[in-house]
Amino acid sequence: MEDVMVATSEADARAVAAVEQHHAMMAGSLAARVDRLVTVGATWQPARDELVAWCREELVPHAQAEERTLYPAAGSFDRARLLVDAMVAEHGVIVRLVEDLAVATDPVRAAGTATALQTLFETHLVKENDQVLPLLAQSPGVDLAGLLDGMHELLGHQEHQQHSGAATEGSCGGHECSCGEVDGPGYPELDARVVPHAIRHATIFGALDAVGPGGGLVLVAPHDPLPLLAQVEQRNPGVFEVSYLERGPEAWRLVFARS
């Protein structure tokens, strides 16, 4: 059973959902990039550089946007002031890890730093989703939707549009995928079975957004993900060729190969 978010307005509830979806997409995108860096071996430097560039363009601006909007509002409550101070300190650690990664001179150090960055970011998001956002959404004096209006670094432009009027899970929508077994050596693997259902698709979208031309992603799903395939095709028409490695009954394993 999913937790129910209680908010003072429908607009605030939608804003919370949009931020949580964007968080999930960022976590999936980061996880895919870290996994690529850890598994590529001798060609680790391009993967390192791609991860650093993504962090500087997406992750760090997201943290800065939070410090301009969410954190001052949450910090105005006495019971949340220490939490907000700790969250700001974690942002500082995240930035230092990104810069340490940028100057890493060997694959072991780079992999360790990237893994630490991923772990910290994931635990950081849990506190934002479970403590900061509910506090703001449930406070009558806080207009969370207005606070986040236009903040693409927090909401994500594409996923915010989808949240406002996205296609829901439904028919396959004409998506076609091949059925032969395809081996994806070196592709990062995302096990969607361990991702909460409410953010599962957003996490997968984030991971797929991290796949560059000629790359791929192995997805492990708890069922045949036909609605997801339709949504992937709708978001990125003709970009991914999908093949099944395993078809149940306990897991479905698919390769998303980008042309």
# chains A, B, ... in the order shown; residues from 1 in each chain; ligands from 1

$ residues_around --residues "A:Leu30" --least-positions-apart "2" --cutoff "9 Å" --atoms "only C-alpha atoms" --output "VMD selection string"
chain A and resid 25 to 28 32 to 35 51 54 to 55 59 118 206 to 207 210

$ residues_around --residues "A:Val142" --least-positions-apart "3" --cutoff "12 Å" --atoms "only C-alpha atoms" --output "VMD selection string"
chain A and resid 7 to 9 11 to 12 69 to 70 72 to 74 76 to 77 133 to 139 145 to 148

$ write_last_selection --atoms "C-alpha atoms" --output "PDB file, in the first residue's frame"
ATOM      1  CA  ALA A   7      -1.346  18.567   1.441  1.00  0.00           C
ATOM      2  CA  THR A   8      -3.156  21.836   2.059  1.00  0.00           C
ATOM      3  CA  SER A   9      -4.150  22.143  -1.609  1.00  0.00           C
ATOM      4  CA  ALA A  11      -1.759  22.259  -6.368  1.00  0.00           C
ATOM      5  CA  ASP A  12       0.674  21.553  -3.534  1.00  0.00           C
ATOM      6  CA  THR A  69      13.440  27.681  -2.482  1.00  0.00           C
ATOM      7  CA  LEU A  70      12.640  24.613  -0.373  1.00  0.00           C
ATOM      8  CA  PRO A  72      14.567  28.571   3.443  1.00  0.00           C
ATOM      9  CA  ALA A  73      10.878  27.746   3.726  1.00  0.00           C
ATOM     10  CA  ALA A  74      11.503  24.551   5.689  1.00  0.00           C
ATOM     11  CA  SER A  76      11.636  28.781   9.061  1.00  0.00           C
ATOM     12  CA  PHE A  77      10.113  26.030  11.222  1.00  0.00           C
ATOM     13  CA  LEU A 133       8.332  17.957   1.259  1.00  0.00           C
ATOM     14  CA  PRO A 134       5.608  16.693   3.648  1.00  0.00           C
ATOM     15  CA  LEU A 135       6.409  19.479   6.119  1.00  0.00           C
ATOM     16  CA  LEU A 136       5.966  22.154   3.457  1.00  0.00           C
ATOM     17  CA  ALA A 137       2.946  20.557   1.804  1.00  0.00           C
ATOM     18  CA  GLN A 138       1.094  20.235   5.109  1.00  0.00           C
ATOM     19  CA  SER A 139       1.811  23.782   6.327  1.00  0.00           C
ATOM     20  CA  ALA A 145       3.222  25.190  -5.747  1.00  0.00           C
ATOM     21  CA  GLY A 146       3.898  28.921  -5.999  1.00  0.00           C
ATOM     22  CA  LEU A 147       7.306  28.471  -4.418  1.00  0.00           C
ATOM     23  CA  LEU A 148       8.316  25.996  -7.125  1.00  0.00           C
TER      24      LEU A 148
END

$ closest_residue --among "A:Val211, A:Ala257, A:Val132, A:Ala24" --to "A:Pro196" --atoms "only C-alpha atoms"
A:Ala24

$ select_by_dssp --residues "stretch 50-166 of chain A" --states "alpha helix (DSSP H)" --output "number ranges by chain"
A: 50-54, 60-68, 70-75, 81-102, 107-127, 133-137, 144-148, 152-155, 157-165

$ write_last_selection --atoms "C-alpha atoms" --output "CSV table (one decimal), in the first residue's frame"
chain,number,residue,atom,x,y,z
A,50,GLU,CA,30.3,12.1,-18.6
A,51,LEU,CA,29.3,11.6,-15.0
A,52,VAL,CA,31.0,14.7,-13.8
A,53,ALA,CA,29.4,16.8,-16.6
A,54,TRP,CA,26.0,15.5,-15.7
A,60,VAL,CA,24.6,20.6,-8.6
A,61,PRO,CA,22.0,23.2,-10.0
A,62,HIS,CA,19.3,21.0,-8.5
A,63,ALA,CA,20.9,21.3,-5.1
A,64,GLN,CA,21.4,25.1,-5.6
A,65,ALA,CA,17.7,25.5,-6.5
A,66,GLU,CA,16.7,23.7,-3.3
A,67,GLU,CA,18.8,26.0,-1.2
A,68,ARG,CA,17.0,29.0,-2.9
A,70,LEU,CA,12.6,24.6,-0.4
A,71,TYR,CA,15.3,25.0,2.3
A,72,PRO,CA,14.6,28.6,3.4
A,73,ALA,CA,10.9,27.7,3.7
A,74,ALA,CA,11.5,24.6,5.7
A,75,GLY,CA,14.2,26.2,7.8
A,81,ARG,CA,16.1,24.0,11.3
A,82,LEU,CA,18.7,21.4,12.2
A,83,LEU,CA,17.5,19.1,9.5
A,84,VAL,CA,17.9,21.8,6.9
A,85,ASP,CA,21.3,22.7,8.2
A,86,ALA,CA,22.3,19.1,7.8
A,87,MET,CA,20.9,19.0,4.2
A,88,VAL,CA,22.9,22.0,3.2
A,89,ALA,CA,26.0,20.4,4.6
A,90,GLU,CA,25.3,17.3,2.6
A,91,HIS,CA,25.1,19.5,-0.5
A,92,GLY,CA,28.6,20.7,0.3
A,93,VAL,CA,29.8,17.1,0.5
A,94,ILE,CA,28.1,16.2,-2.8
A,95,VAL,CA,29.9,19.1,-4.5
A,96,ARG,CA,33.2,18.0,-3.1
A,97,LEU,CA,32.7,14.5,-4.2
A,98,VAL,CA,31.9,15.7,-7.8
A,99,GLU,CA,35.1,17.7,-7.8
A,100,ASP,CA,37.1,14.8,-6.3
A,101,LEU,CA,35.7,12.6,-9.1
A,102,ALA,CA,36.7,15.1,-11.7
A,107,PRO,CA,39.6,3.8,-11.9
A,108,VAL,CA,39.5,2.4,-8.4
A,109,ARG,CA,39.5,5.9,-6.8
A,110,ALA,CA,37.0,7.1,-9.4
A,111,ALA,CA,34.6,4.1,-8.8
A,112,GLY,CA,34.8,4.6,-5.0
A,113,THR,CA,34.1,8.3,-5.2
A,114,ALA,CA,31.2,7.8,-7.7
A,115,THR,CA,29.7,5.1,-5.4
A,116,ALA,CA,29.9,7.3,-2.4
A,117,LEU,CA,28.3,10.1,-4.4
A,118,GLN,CA,25.4,7.8,-5.4
A,119,THR,CA,24.9,6.5,-1.8
A,120,LEU,CA,24.8,10.0,-0.3
A,121,PHE,CA,22.5,11.4,-3.0
A,122,GLU,CA,20.0,8.5,-2.5
A,123,THR,CA,19.9,8.9,1.3
A,124,HIS,CA,19.6,12.7,0.8
A,125,LEU,CA,16.6,12.2,-1.4
A,126,VAL,CA,14.9,10.0,1.2
A,127,LYS,CA,15.0,12.8,3.7
A,133,LEU,CA,8.3,18.0,1.3
A,134,PRO,CA,5.6,16.7,3.6
A,135,LEU,CA,6.4,19.5,6.1
A,136,LEU,CA,6.0,22.2,3.5
A,137,ALA,CA,2.9,20.6,1.8
A,144,LEU,CA,4.6,25.1,-2.2
A,145,ALA,CA,3.2,25.2,-5.7
A,146,GLY,CA,3.9,28.9,-6.0
A,147,LEU,CA,7.3,28.5,-4.4
A,148,LEU,CA,8.3,26.0,-7.1
A,152,HIS,CA,12.9,23.5,-13.7
A,153,GLU,CA,15.9,22.5,-11.7
A,154,LEU,CA,13.5,21.1,-9.1
A,155,LEU,CA,10.6,19.9,-11.2
A,157,HIS,CA,10.8,20.4,-17.6
A,158,GLN,CA,9.8,17.2,-19.4
A,159,GLU,CA,8.5,15.3,-16.4
A,160,HIS,CA,6.6,18.3,-15.2
A,161,GLN,CA,4.8,18.4,-18.5
A,162,GLN,CA,4.1,14.7,-18.2
A,163,HIS,CA,2.8,15.1,-14.7
A,164,SER,CA,0.4,17.8,-15.8
A,165,GLY,CA,-1.0,15.9,-18.8

$ residues_around --residues "A:Arg36" --least-positions-apart "5" --cutoff "9 Å" --atoms "only C-alpha atoms" --output "JSON, numbers by chain"
{"A": [31, 44, 47, 48, 186, 187, 188]}

$ closest_residue --among "A:Arg56, A:Arg247, A:Arg193, A:Arg200" --to "A:His22" --atoms "only C-alpha atoms"
A:Arg200

$ residues_around --residues "A:Ala221" --least-positions-apart "4" --cutoff "6 Å" --atoms "only C-alpha atoms" --output "list in words"
Ala192, Arg193, Ala251 and Trp252 of chain A

$ atom_distance --atom1 "atom CA of A:Glu241" --atom2 "atom CA of A:Ala202"
19.4 Å

$ closest_residue --among "A:Ala15, A:Leu245, A:Leu254, A:Val40" --to "A:Leu228" --atoms "only C-alpha atoms"
A:Leu254

$ atom_distance --atom1 "atom CA of A:Val195" --atom2 "atom CA of A:Pro237"
25.1 Å
